[in-house]
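Chemist: Provided below: entry-v3.tsv, containing TSV, N, CA and C atoms.
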```tsv
chain	number	residue	atom	x	y	z
U	1	MET	N	72.28	63.03	-26.35
U	1	MET	CA	70.99	63.69	-26.31
U	1	MET	C	70.55	64.16	-27.70
U	2	GLU	N	71.51	64.39	-28.58
U	2	GLU	CA	71.16	64.85	-29.93
U	2	GLU	C	70.31	63.80	-30.66
U	3	GLU	N	70.66	62.53	-30.46
U	3	GLU	CA	69.89	61.45	-31.09
U	3	GLU	C	68.46	61.43	-30.56
U	4	LEU	N	68.30	61.62	-29.25
U	4	LEU	CA	66.97	61.66	-28.66
U	4	LEU	C	66.18	62.87	-29.17
U	5	LYS	N	66.86	63.99	-29.34
U	5	LYS	CA	66.20	65.19	-29.85
U	5	LYS	C	65.61	64.91	-31.24
U	6	ILE	N	66.37	64.23	-32.07
U	6	ILE	CA	65.88	63.89	-33.41
U	6	ILE	C	64.68	62.96	-33.31
U	7	LYS	N	64.80	61.93	-32.47
U	7	LYS	CA	63.67	60.99	-32.28
U	7	LYS	C	62.44	61.71	-31.74
U	8	PHE	N	62.66	62.62	-30.79
U	8	PHE	CA	61.56	63.37	-30.18
U	8	PHE	C	60.84	64.20	-31.25
U	9	GLN	N	61.62	64.91	-32.07
U	9	GLN	CA	61.02	65.73	-33.12
U	9	GLN	C	60.32	64.87	-34.16
U	10	GLU	N	60.90	63.73	-34.51
U	10	GLU	CA	60.24	62.82	-35.45
U	10	GLU	C	58.92	62.31	-34.90
U	11	LYS	N	58.90	62.02	-33.60
U	11	LYS	CA	57.66	61.54	-32.97
U	11	LYS	C	56.59	62.63	-33.03
U	12	LEU	N	56.97	63.87	-32.74
U	12	LEU	CA	56.02	64.97	-32.84
U	12	LEU	C	55.49	65.12	-34.26
U	13	LEU	N	56.39	65.08	-35.23
U	13	LEU	CA	55.98	65.23	-36.63
U	13	LEU	C	55.11	64.06	-37.10
U	14	SER	N	55.31	62.88	-36.52
U	14	SER	CA	54.53	61.71	-36.93
U	14	SER	C	53.04	61.85	-36.61
U	15	ALA	N	52.71	62.79	-35.73
U	15	ALA	CA	51.30	63.04	-35.42
U	15	ALA	C	50.58	63.65	-36.62
U	16	GLN	N	51.35	64.19	-37.56
U	16	GLN	CA	50.82	64.79	-38.79
U	16	GLN	C	49.72	65.81	-38.50
U	17	ARG	N	50.01	66.65	-37.50
U	17	ARG	CA	49.06	67.70	-37.15
U	17	ARG	C	49.58	69.03	-37.68
U	18	GLU	N	48.68	69.81	-38.22
U	18	GLU	CA	49.03	71.10	-38.77
U	18	GLU	C	49.66	71.98	-37.68
U	19	GLY	N	50.76	72.63	-38.02
U	19	GLY	CA	51.42	73.52	-37.08
U	19	GLY	C	52.47	72.88	-36.20
U	20	MET	N	52.70	71.57	-36.36
U	20	MET	CA	53.66	70.89	-35.49
U	20	MET	C	55.07	71.45	-35.67
U	21	GLU	N	55.42	71.87	-36.87
U	21	GLU	CA	56.74	72.47	-37.08
U	21	GLU	C	56.89	73.73	-36.23
U	22	ASN	N	55.81	74.49	-36.11
U	22	ASN	CA	55.83	75.70	-35.27
U	22	ASN	C	56.02	75.33	-33.80
U	23	VAL	N	55.38	74.26	-33.38
U	23	VAL	CA	55.53	73.79	-32.00
U	23	VAL	C	57.00	73.44	-31.73
U	24	ILE	N	57.61	72.71	-32.65
U	24	ILE	CA	59.01	72.31	-32.49
U	24	ILE	C	59.91	73.54	-32.43
U	25	ARG	N	59.68	74.51	-33.30
U	25	ARG	CA	60.49	75.74	-33.28
U	25	ARG	C	60.30	76.48	-31.95
U	26	HIS	N	59.07	76.51	-31.47
U	26	HIS	CA	58.79	77.18	-30.19
U	26	HIS	C	59.50	76.45	-29.04
U	27	LEU	N	59.44	75.13	-29.03
U	27	LEU	CA	60.15	74.37	-28.00
U	27	LEU	C	61.65	74.66	-28.05
U	28	GLU	N	62.18	74.76	-29.24
U	28	GLU	CA	63.60	75.08	-29.41
U	28	GLU	C	63.92	76.44	-28.82
U	29	ARG	N	63.09	77.44	-29.14
U	29	ARG	CA	63.32	78.81	-28.62
U	29	ARG	C	63.22	78.84	-27.10
U	30	LEU	N	62.33	78.05	-26.53
U	30	LEU	CA	62.16	78.02	-25.08
U	30	LEU	C	63.30	77.30	-24.37
U	31	GLY	N	64.10	76.55	-25.12
U	31	GLY	CA	65.18	75.80	-24.50
U	31	GLY	C	64.76	74.43	-23.99
U	32	PHE	N	63.60	73.98	-24.42
U	32	PHE	CA	63.06	72.69	-23.96
U	32	PHE	C	64.06	71.55	-24.14
U	33	PHE	N	64.72	71.49	-25.27
U	33	PHE	CA	65.58	70.35	-25.59
U	33	PHE	C	66.88	70.33	-24.77
U	34	ASP	N	67.21	71.45	-24.14
U	34	ASP	CA	68.43	71.52	-23.34
U	34	ASP	C	68.16	71.63	-21.84
U	35	ALA	N	66.94	71.93	-21.45
U	35	ALA	CA	66.62	72.19	-20.04
U	35	ALA	C	66.67	70.91	-19.20
U	36	PRO	N	67.05	71.05	-17.92
U	36	PRO	CA	66.97	69.90	-17.02
U	36	PRO	C	65.51	69.62	-16.67
U	37	ALA	N	65.21	68.40	-16.26
U	37	ALA	CA	63.84	68.08	-15.84
U	37	ALA	C	63.53	68.75	-14.51
U	38	SER	N	64.52	68.78	-13.65
U	38	SER	CA	64.38	69.36	-12.32
U	38	SER	C	65.74	69.88	-11.90
U	39	THR	N	65.75	70.89	-11.10
U	39	THR	CA	67.04	71.37	-10.59
U	39	THR	C	67.36	70.77	-9.23
U	40	ARG	N	66.40	70.04	-8.66
U	40	ARG	CA	66.62	69.49	-7.32
U	40	ARG	C	66.40	67.98	-7.23
U	41	PHE	N	65.68	67.38	-8.14
U	41	PHE	CA	65.29	66.00	-7.94
U	41	PHE	C	65.85	65.05	-8.99
U	42	HIS	N	65.27	64.97	-10.14
U	42	HIS	CA	65.70	63.98	-11.12
U	42	HIS	C	66.08	64.62	-12.44
U	43	LEU	N	67.02	63.97	-13.11
U	43	LEU	CA	67.50	64.40	-14.43
U	43	LEU	C	67.90	65.88	-14.46
U	44	ASN	N	68.70	66.26	-13.50
U	44	ASN	CA	69.25	67.61	-13.47
U	44	ASN	C	70.48	67.65	-14.39
U	45	VAL	N	70.22	67.43	-15.68
U	45	VAL	CA	71.26	67.40	-16.71
U	45	VAL	C	70.73	68.10	-17.95
U	46	LYS	N	71.64	68.50	-18.84
U	46	LYS	CA	71.23	69.08	-20.11
U	46	LYS	C	70.39	68.05	-20.87
U	47	GLY	N	69.21	68.45	-21.29
U	47	GLY	CA	68.31	67.55	-22.01
U	47	GLY	C	67.43	66.71	-21.11
U	48	GLY	N	67.53	66.92	-19.80
U	48	GLY	CA	66.76	66.12	-18.85
U	48	GLY	C	65.26	66.24	-19.02
U	49	LEU	N	64.78	67.45	-19.32
U	49	LEU	CA	63.34	67.64	-19.51
U	49	LEU	C	62.84	66.87	-20.72
U	50	MET	N	63.63	66.90	-21.81
U	50	MET	CA	63.26	66.15	-23.01
U	50	MET	C	63.25	64.65	-22.70
U	51	LEU	N	64.27	64.17	-22.01
U	51	LEU	CA	64.35	62.74	-21.67
U	51	LEU	C	63.19	62.34	-20.77
U	52	HIS	N	62.88	63.18	-19.78
U	52	HIS	CA	61.76	62.89	-18.89
U	52	HIS	C	60.44	62.86	-19.67
U	53	SER	N	60.27	63.83	-20.57
U	53	SER	CA	59.04	63.86	-21.39
U	53	SER	C	58.93	62.61	-22.25
U	54	TRP	N	60.05	62.19	-22.82
U	54	TRP	CA	60.09	60.96	-23.62
U	54	TRP	C	59.70	59.75	-22.77
U	55	ASN	N	60.26	59.67	-21.57
U	55	ASN	CA	59.97	58.55	-20.68
U	55	ASN	C	58.50	58.53	-20.26
U	56	VAL	N	57.97	59.70	-19.93
U	56	VAL	CA	56.55	59.79	-19.55
U	56	VAL	C	55.67	59.35	-20.72
U	57	CYS	N	56.02	59.81	-21.92
U	57	CYS	CA	55.27	59.42	-23.12
U	57	CYS	C	55.29	57.91	-23.30
U	58	ASN	N	56.48	57.31	-23.20
U	58	ASN	CA	56.58	55.86	-23.38
U	58	ASN	C	55.81	55.10	-22.32
U	59	THR	N	55.86	55.60	-21.07
U	59	THR	CA	55.12	54.95	-19.99
U	59	THR	C	53.62	55.06	-20.24
U	60	ALA	N	53.17	56.24	-20.68
U	60	ALA	CA	51.76	56.43	-20.98
U	60	ALA	C	51.33	55.51	-22.13
U	61	LEU	N	52.19	55.36	-23.14
U	61	LEU	CA	51.87	54.47	-24.26
U	61	LEU	C	51.74	53.02	-23.80
U	62	MET	N	52.57	52.62	-22.83
U	62	MET	CA	52.43	51.26	-22.28
U	62	MET	C	51.08	51.10	-21.60
U	63	LEU	N	50.66	52.14	-20.87
U	63	LEU	CA	49.35	52.09	-20.22
U	63	LEU	C	48.23	52.02	-21.26
U	64	LEU	N	48.40	52.77	-22.35
U	64	LEU	CA	47.42	52.73	-23.43
U	64	LEU	C	47.34	51.33	-24.04
U	65	ALA	N	48.49	50.69	-24.18
U	65	ALA	CA	48.52	49.33	-24.75
U	65	ALA	C	47.78	48.35	-23.86
U	66	LEU	N	47.67	48.68	-22.58
U	66	LEU	CA	46.94	47.81	-21.65
U	66	LEU	C	45.44	48.06	-21.70
U	67	GLY	N	45.00	48.98	-22.56
U	67	GLY	CA	43.58	49.17	-22.74
U	67	GLY	C	43.04	50.55	-22.42
U	68	LEU	N	43.86	51.45	-21.93
U	68	LEU	CA	43.40	52.79	-21.65
U	68	LEU	C	43.06	53.50	-22.96
U	69	LYS	N	41.94	54.18	-23.01
U	69	LYS	CA	41.52	54.89	-24.21
U	69	LYS	C	41.63	56.39	-23.99
U	70	LEU	N	42.31	57.08	-24.92
U	70	LEU	CA	42.44	58.54	-24.82
U	70	LEU	C	41.15	59.23	-25.24
U	71	THR	N	40.90	60.34	-24.62
U	71	THR	CA	39.73	61.16	-24.94
U	71	THR	C	40.17	62.61	-25.08
U	72	LYS	N	39.22	63.50	-25.13
U	72	LYS	CA	39.51	64.93	-25.19
U	72	LYS	C	40.19	65.43	-23.91
U	73	ASP	N	40.28	64.58	-22.93
U	73	ASP	CA	40.84	64.97	-21.63
U	73	ASP	C	42.36	65.17	-21.64
U	74	GLU	N	43.00	64.93	-22.77
U	74	GLU	CA	44.46	65.08	-22.85
U	74	GLU	C	44.92	66.46	-22.40
U	75	MET	N	44.23	67.48	-22.82
U	75	MET	CA	44.65	68.83	-22.44
U	75	MET	C	44.61	69.03	-20.93
U	76	LEU	N	43.58	68.55	-20.28
U	76	LEU	CA	43.51	68.66	-18.82
U	76	LEU	C	44.66	67.89	-18.17
U	77	ALA	N	44.93	66.72	-18.70
U	77	ALA	CA	46.00	65.89	-18.13
U	77	ALA	C	47.35	66.58	-18.26
U	78	ILE	N	47.61	67.18	-19.40
U	78	ILE	CA	48.87	67.89	-19.61
U	78	ILE	C	48.94	69.09	-18.68
U	79	ARG	N	47.86	69.82	-18.59
U	79	ARG	CA	47.82	71.02	-17.74
U	79	ARG	C	48.11	70.69	-16.28
U	80	TRP	N	47.56	69.60	-15.76
U	80	TRP	CA	47.62	69.31	-14.34
U	80	TRP	C	48.65	68.27	-13.94
U	81	HIS	N	49.42	67.72	-14.86
U	81	HIS	CA	50.25	66.56	-14.51
U	81	HIS	C	51.30	66.83	-13.44
U	82	MET	N	51.80	68.03	-13.30
U	82	MET	CA	52.82	68.31	-12.29
U	82	MET	C	52.24	68.80	-10.97
U	83	THR	N	50.99	69.13	-10.96
U	83	THR	CA	50.39	69.79	-9.80
U	83	THR	C	50.44	68.94	-8.53
U	84	ALA	N	50.34	67.65	-8.65
U	84	ALA	CA	50.32	66.80	-7.45
U	84	ALA	C	51.62	66.92	-6.66
U	85	TRP	N	52.73	67.25	-7.33
U	85	TRP	CA	54.03	67.25	-6.66
U	85	TRP	C	54.28	68.52	-5.86
U	86	ASP	N	53.58	69.60	-6.16
U	86	ASP	CA	53.76	70.82	-5.37
U	86	ASP	C	52.44	71.28	-4.75
U	87	LEU	N	51.55	70.33	-4.52
U	87	LEU	CA	50.22	70.62	-3.99
U	87	LEU	C	50.24	71.39	-2.68
U	88	PRO	N	51.17	71.11	-1.76
U	88	PRO	CA	51.16	71.86	-0.49
U	88	PRO	C	51.32	73.37	-0.67
U	89	PHE	N	51.86	73.79	-1.80
U	89	PHE	CA	52.11	75.22	-2.03
U	89	PHE	C	50.98	75.91	-2.76
U	90	HIS	N	49.92	75.18	-3.08
U	90	HIS	CA	48.81	75.74	-3.85
U	90	HIS	C	47.72	76.30	-2.94
U	91	SER	N	47.00	77.25	-3.48
U	91	SER	CA	45.86	77.82	-2.76
U	91	SER	C	44.73	76.79	-2.70
U	92	SER	N	43.79	77.04	-1.85
U	92	SER	CA	42.64	76.13	-1.76
U	92	SER	C	41.87	76.11	-3.08
U	93	GLU	N	41.84	77.25	-3.78
U	93	GLU	CA	41.16	77.31	-5.07
U	93	GLU	C	41.87	76.41	-6.10
U	94	GLN	N	43.20	76.46	-6.14
U	94	GLN	CA	43.95	75.61	-7.06
U	94	GLN	C	43.75	74.13	-6.73
U	95	LYS	N	43.72	73.80	-5.46
U	95	LYS	CA	43.49	72.41	-5.05
U	95	LYS	C	42.11	71.94	-5.49
U	96	ALA	N	41.12	72.81	-5.34
U	96	ALA	CA	39.76	72.47	-5.78
U	96	ALA	C	39.72	72.30	-7.30
U	97	ASN	N	40.46	73.15	-8.03
U	97	ASN	CA	40.50	73.03	-9.49
U	97	ASN	C	41.14	71.71	-9.91
U	98	LEU	N	42.21	71.30	-9.22
U	98	LEU	CA	42.84	70.01	-9.52
U	98	LEU	C	41.85	68.88	-9.27
U	99	GLN	N	41.16	68.92	-8.16
U	99	GLN	CA	40.19	67.87	-7.85
U	99	GLN	C	39.10	67.81	-8.92
U	100	MET	N	38.64	68.98	-9.36
U	100	MET	CA	37.61	69.02	-10.40
U	100	MET	C	38.15	68.44	-11.71
U	101	ALA	N	39.39	68.78	-12.04
U	101	ALA	CA	40.00	68.23	-13.26
U	101	ALA	C	40.10	66.72	-13.18
U	102	ARG	N	40.50	66.20	-12.01
U	102	ARG	CA	40.60	64.75	-11.84
U	102	ARG	C	39.25	64.07	-11.98
U	103	GLU	N	38.21	64.72	-11.46
U	103	GLU	CA	36.87	64.14	-11.56
U	103	GLU	C	36.36	64.16	-12.99
U	104	GLN	N	36.65	65.24	-13.71
U	104	GLN	CA	36.18	65.37	-15.09
U	104	GLN	C	37.03	64.55	-16.06
U	105	ALA	N	38.31	64.38	-15.73
U	105	ALA	CA	39.24	63.72	-16.66
U	105	ALA	C	40.14	62.76	-15.89
U	106	PRO	N	39.74	61.50	-15.75
U	106	PRO	CA	40.58	60.53	-15.05
U	106	PRO	C	41.99	60.42	-15.63
U	107	LEU	N	42.15	60.83	-16.88
U	107	LEU	CA	43.47	60.80	-17.51
U	107	LEU	C	44.47	61.65	-16.73
U	108	CYS	N	43.99	62.69	-16.04
U	108	CYS	CA	44.89	63.52	-15.23
U	108	CYS	C	45.65	62.64	-14.23
U	109	THR	N	44.94	61.75	-13.56
U	109	THR	CA	45.57	60.87	-12.59
U	109	THR	C	46.49	59.87	-13.27
U	110	VAL	N	46.09	59.36	-14.42
U	110	VAL	CA	46.92	58.39	-15.15
U	110	VAL	C	48.26	59.02	-15.55
U	111	ILE	N	48.22	60.25	-16.06
U	111	ILE	CA	49.45	60.93	-16.48
U	111	ILE	C	50.32	61.23	-15.27
U	112	GLN	N	49.72	61.60	-14.15
U	112	GLN	CA	50.51	61.82	-12.93
U	112	GLN	C	51.19	60.52	-12.50
U	113	CYS	N	50.49	59.40	-12.65
U	113	CYS	CA	51.09	58.09	-12.33
U	113	CYS	C	52.23	57.76	-13.30
U	114	ALA	N	52.03	58.02	-14.59
U	114	ALA	CA	53.08	57.76	-15.58
U	114	ALA	C	54.31	58.62	-15.28
U	115	ASP	N	54.08	59.87	-14.89
U	115	ASP	CA	55.18	60.76	-14.52
U	115	ASP	C	55.94	60.20	-13.33
U	116	SER	N	55.22	59.76	-12.33
U	116	SER	CA	55.85	59.20	-11.13
U	116	SER	C	56.63	57.92	-11.44
U	117	LEU	N	56.04	57.03	-12.25
U	117	LEU	CA	56.73	55.79	-12.61
U	117	LEU	C	57.99	56.08	-13.41
U	118	SER	N	57.91	57.03	-14.34
U	118	SER	CA	59.09	57.38	-15.13
U	118	SER	C	60.20	57.91	-14.24
U	119	THR	N	59.83	58.79	-13.32
U	119	THR	CA	60.81	59.38	-12.41
U	119	THR	C	61.45	58.31	-11.53
U	120	SER	N	60.63	57.43	-11.00
U	120	SER	CA	61.11	56.42	-10.05
U	120	SER	C	61.87	55.26	-10.70
U	121	LEU	N	61.42	54.83	-11.88
U	121	LEU	CA	61.97	53.62	-12.45
U	121	LEU	C	62.95	53.82	-13.61
U	122	LEU	N	62.81	54.93	-14.33
U	122	LEU	CA	63.61	55.10	-15.54
U	122	LEU	C	64.69	56.16	-15.44
U	123	GLU	N	64.59	57.05	-14.45
U	123	GLU	CA	65.47	58.20	-14.40
U	123	GLU	C	66.27	58.24	-13.11
U	124	ASP	N	67.45	58.85	-13.19
U	124	ASP	CA	68.28	59.03	-12.00
U	124	ASP	C	67.91	60.29	-11.28
```
I need this file expressed as C-alpha coordinates, please.
Modeler:
Amino acid sequence: MEELKIKFQEKLLSAQREGMENVIRHLERLGFFDAPASTRFHLNVKGGLMLHSWNVCNTALMLLALGLKLTKDEMLAIRWHMTAWDLPFHSSEQKANLQMAREQAPLCTVIQCADSLSTSLLED
(Lines of atoms letter the chains of each structure in order from A and count residues from 1; the text may use other names and numbers.)
(Lines give C-alpha, C1' and ligand atoms only; values in the text may rest on other atoms or scores of the structure.)
Protein backbone atom coordinates (compact mmCIF):
# COMPACT_ATOMS: atom_id res chain seq x y z
CA MET A 1 0.00 0.00 0.00
CA GLU A 2 2.95 2.34 0.54
CA GLU A 3 3.69 2.28 -3.20
CA LEU A 4 0.07 3.17 -3.97
CA LYS A 5 0.19 5.98 -1.40
CA ILE A 6 3.15 7.49 -3.24
CA LYS A 7 1.41 7.13 -6.62
CA PHE A 8 -1.79 8.61 -5.16
CA GLN A 9 0.06 11.64 -3.79
CA GLU A 10 1.97 12.09 -7.05
CA LYS A 11 -1.32 12.02 -8.97
CA LEU A 12 -2.76 14.71 -6.69
CA LEU A 13 0.35 16.86 -7.06
CA SER A 14 0.29 16.43 -10.85
CA ALA A 15 -2.88 18.53 -10.92
CA GLN A 16 -0.56 21.47 -10.12
CA ARG A 17 -3.25 23.19 -8.11
CA GLU A 18 -2.37 25.64 -5.39
CA GLY A 19 -2.81 24.17 -1.92
CA MET A 20 -2.58 20.52 -2.97
CA GLU A 21 0.19 19.90 -0.43
CA ASN A 22 -2.23 21.08 2.27
CA VAL A 23 -4.87 18.68 0.96
CA ILE A 24 -2.41 15.78 1.17
CA ARG A 25 -1.40 16.73 4.72
CA HIS A 26 -5.07 16.97 5.70
CA LEU A 27 -5.81 13.54 4.18
CA GLU A 28 -2.87 12.16 6.16
CA ARG A 29 -4.16 13.66 9.42
CA LEU A 30 -7.64 12.24 8.75
CA GLY A 31 -6.21 8.76 8.27
CA PHE A 32 -7.39 8.55 4.66
CA PHE A 33 -4.37 6.54 3.50
CA ASP A 34 -4.88 3.86 6.17
CA ALA A 35 -8.68 3.71 6.44
CA PRO A 36 -10.72 0.80 5.07
CA ALA A 37 -13.14 1.56 2.22
CA SER A 38 -15.95 -0.09 4.13
CA THR A 39 -16.23 -1.97 7.37
CA ARG A 40 -18.93 -4.28 6.04
CA PHE A 41 -18.68 -4.62 2.28
CA HIS A 42 -15.54 -4.16 0.20
CA LEU A 43 -11.87 -3.48 0.88
CA ASN A 44 -12.15 -3.76 4.63
CA VAL A 45 -8.35 -3.57 4.87
CA LYS A 46 -5.74 -0.97 5.80
CA GLY A 47 -5.52 1.41 2.84
CA GLY A 48 -8.80 0.17 1.37
CA LEU A 49 -10.29 3.66 1.04
CA MET A 50 -7.22 4.88 -0.84
CA LEU A 51 -7.31 1.83 -3.13
CA HIS A 52 -11.03 2.26 -3.75
CA SER A 53 -10.54 5.97 -4.52
CA TRP A 54 -7.73 5.07 -6.93
CA ASN A 55 -9.93 2.48 -8.64
CA VAL A 56 -12.87 4.89 -8.94
CA CYS A 57 -10.53 7.53 -10.39
CA ASN A 58 -9.14 5.08 -12.96
CA THR A 59 -12.64 3.91 -13.90
CA ALA A 60 -13.81 7.51 -14.28
CA LEU A 61 -10.75 8.26 -16.46
CA MET A 62 -11.68 5.33 -18.71
CA LEU A 63 -15.17 6.81 -19.07
CA LEU A 64 -13.61 10.18 -19.88
CA ALA A 65 -11.48 8.53 -22.56
CA LEU A 66 -14.70 7.31 -24.14
CA GLY A 67 -15.78 10.91 -24.64
CA LEU A 68 -17.26 12.13 -21.37
CA LYS A 69 -16.40 15.78 -20.78
CA LEU A 70 -15.88 17.14 -17.26
CA THR A 71 -17.58 20.34 -16.20
CA LYS A 72 -17.98 22.37 -13.03
CA ASP A 73 -20.24 19.56 -11.85
CA GLU A 74 -17.30 17.68 -10.30
CA MET A 75 -18.02 19.06 -6.85
CA LEU A 76 -21.63 17.87 -6.96
CA ALA A 77 -20.52 14.45 -8.15
CA ILE A 78 -18.00 14.12 -5.33
CA ARG A 79 -20.53 15.32 -2.77
CA TRP A 80 -23.25 12.87 -3.83
CA HIS A 81 -21.34 9.82 -5.08
CA MET A 82 -22.04 7.62 -2.03
CA THR A 83 -25.61 8.71 -1.46
CA ALA A 84 -27.21 6.14 -3.74
CA TRP A 85 -25.95 3.29 -1.54
CA ASP A 86 -27.64 4.45 1.66
CA LEU A 87 -30.65 6.14 0.10
CA PRO A 88 -33.24 4.19 2.15
CA PHE A 89 -31.89 5.88 5.29
CA HIS A 90 -32.20 9.43 3.97
CA SER A 91 -34.97 11.91 4.62
CA SER A 92 -37.30 12.89 1.83
CA GLU A 93 -35.49 16.24 1.68
CA GLN A 94 -32.11 14.53 1.15
CA LYS A 95 -33.62 12.31 -1.56
CA ALA A 96 -35.01 15.38 -3.31
CA ASN A 97 -31.60 17.08 -3.06
CA LEU A 98 -29.92 14.04 -4.64
CA GLN A 99 -32.45 14.05 -7.47
CA MET A 100 -31.87 17.77 -8.03
CA ALA A 101 -28.09 17.22 -8.07
CA ARG A 102 -28.50 14.43 -10.64
CA GLU A 103 -30.66 16.65 -12.82
CA GLN A 104 -28.24 19.58 -12.60
CA ALA A 105 -25.09 17.48 -12.90
CA PRO A 106 -25.29 14.20 -14.85
CA LEU A 107 -21.72 13.57 -13.68
CA CYS A 108 -23.22 12.61 -10.30
CA THR A 109 -24.71 9.50 -11.90
CA VAL A 110 -21.52 8.76 -13.86
CA ILE A 111 -19.39 8.84 -10.69
CA GLN A 112 -21.90 6.61 -8.88
CA CYS A 113 -21.60 4.16 -11.79
CA ALA A 114 -17.78 4.31 -11.68
CA ASP A 115 -17.92 3.65 -7.93
CA SER A 116 -20.19 0.64 -8.47
CA LEU A 117 -18.03 -0.76 -11.29
CA SER A 118 -14.87 -0.37 -9.21
CA THR A 119 -16.49 -2.12 -6.26
CA SER A 120 -17.90 -4.95 -8.35
CA LEU A 121 -15.07 -5.58 -10.79
CA LEU A 122 -11.81 -4.42 -9.22
CA GLU A 123 -12.17 -4.92 -5.48
CA ASP A 124 -12.78 -7.81 -3.11
Chemist: Compile the contact shell of U:Glu74 as a PDB file with N, CA and C atoms, keeping the file's coordinate frame: residues with an atom at most 9 Å away, counting only C-alpha atoms, same-chain residues fewer than 6 positions apart removed.
Modeler:
```
ATOM      1  N   ALA U 105      38.310  64.380 -15.730  1.00  0.00           N
ATOM      2  CA  ALA U 105      39.240  63.720 -16.660  1.00  0.00           C
ATOM      3  C   ALA U 105      40.140  62.760 -15.890  1.00  0.00           C
ATOM      4  N   LEU U 107      42.150  60.830 -16.880  1.00  0.00           N
ATOM      5  CA  LEU U 107      43.470  60.800 -17.510  1.00  0.00           C
ATOM      6  C   LEU U 107      44.470  61.650 -16.730  1.00  0.00           C
ATOM      7  N   CYS U 108      43.990  62.690 -16.040  1.00  0.00           N
ATOM      8  CA  CYS U 108      44.890  63.520 -15.230  1.00  0.00           C
ATOM      9  C   CYS U 108      45.650  62.640 -14.230  1.00  0.00           C
TER      10      CYS U 108
END
```
Chemist: From (62.6, 64.6, -14.1), in the file's coordinates, out to 9 Å: which residues are reached, counting only C-alpha atoms? Answer as a PyMOL selection string.
Modeler: chain U and resi 36-39+41-44+48-49+51-53+115+118-119+123-124
Chemist: I'd like the interatomic distance between atom C of U:Arg17 and atom CA of U:Ile78, to a tenth of an Å.
Modeler: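 Pair atom C of U:Arg17 / atom CA of U:Ile78 returns 18.1 Å.
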Chemist: Between atom CA of U:Pro106 and atom N of U:Leu12, measure the distance and give it in Å to one decimal.
Modeler: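 Taking atom CA of U:Pro106 and atom N of U:Leu12, their separation equals 24.3 Å.
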Chemist: From chain U, collect each residue whose DSSP state is alpha helix (DSSP H) and return the set as an MDAnalysis selection string.
Modeler: chainID U and resid 2:14 20:30 48:65 74:80 92:104 107:117
Chemist: How many Å lie between atom C of U:Ala114 and atom CA of U:Val56, rounded to one decimal?
Modeler: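 These two atoms are separated by 5.0 Å.
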Chemist: Using all atoms listed in the file, pick whichever of U:Gly47, U:Gln104, U:Arg40, U:Asn22 has the shortest atom-to-atom distance to U:Glu2.
Modeler: U:Gly47
Chemist: Would you please work out which residue, of U:Leu76, U:Leu27, U:Met1, U:Met50, is nearest to U:Ala101 when using only C-alpha atoms?
Modeler: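 Closest residue, counting only C-alpha atoms: U:Leu76.
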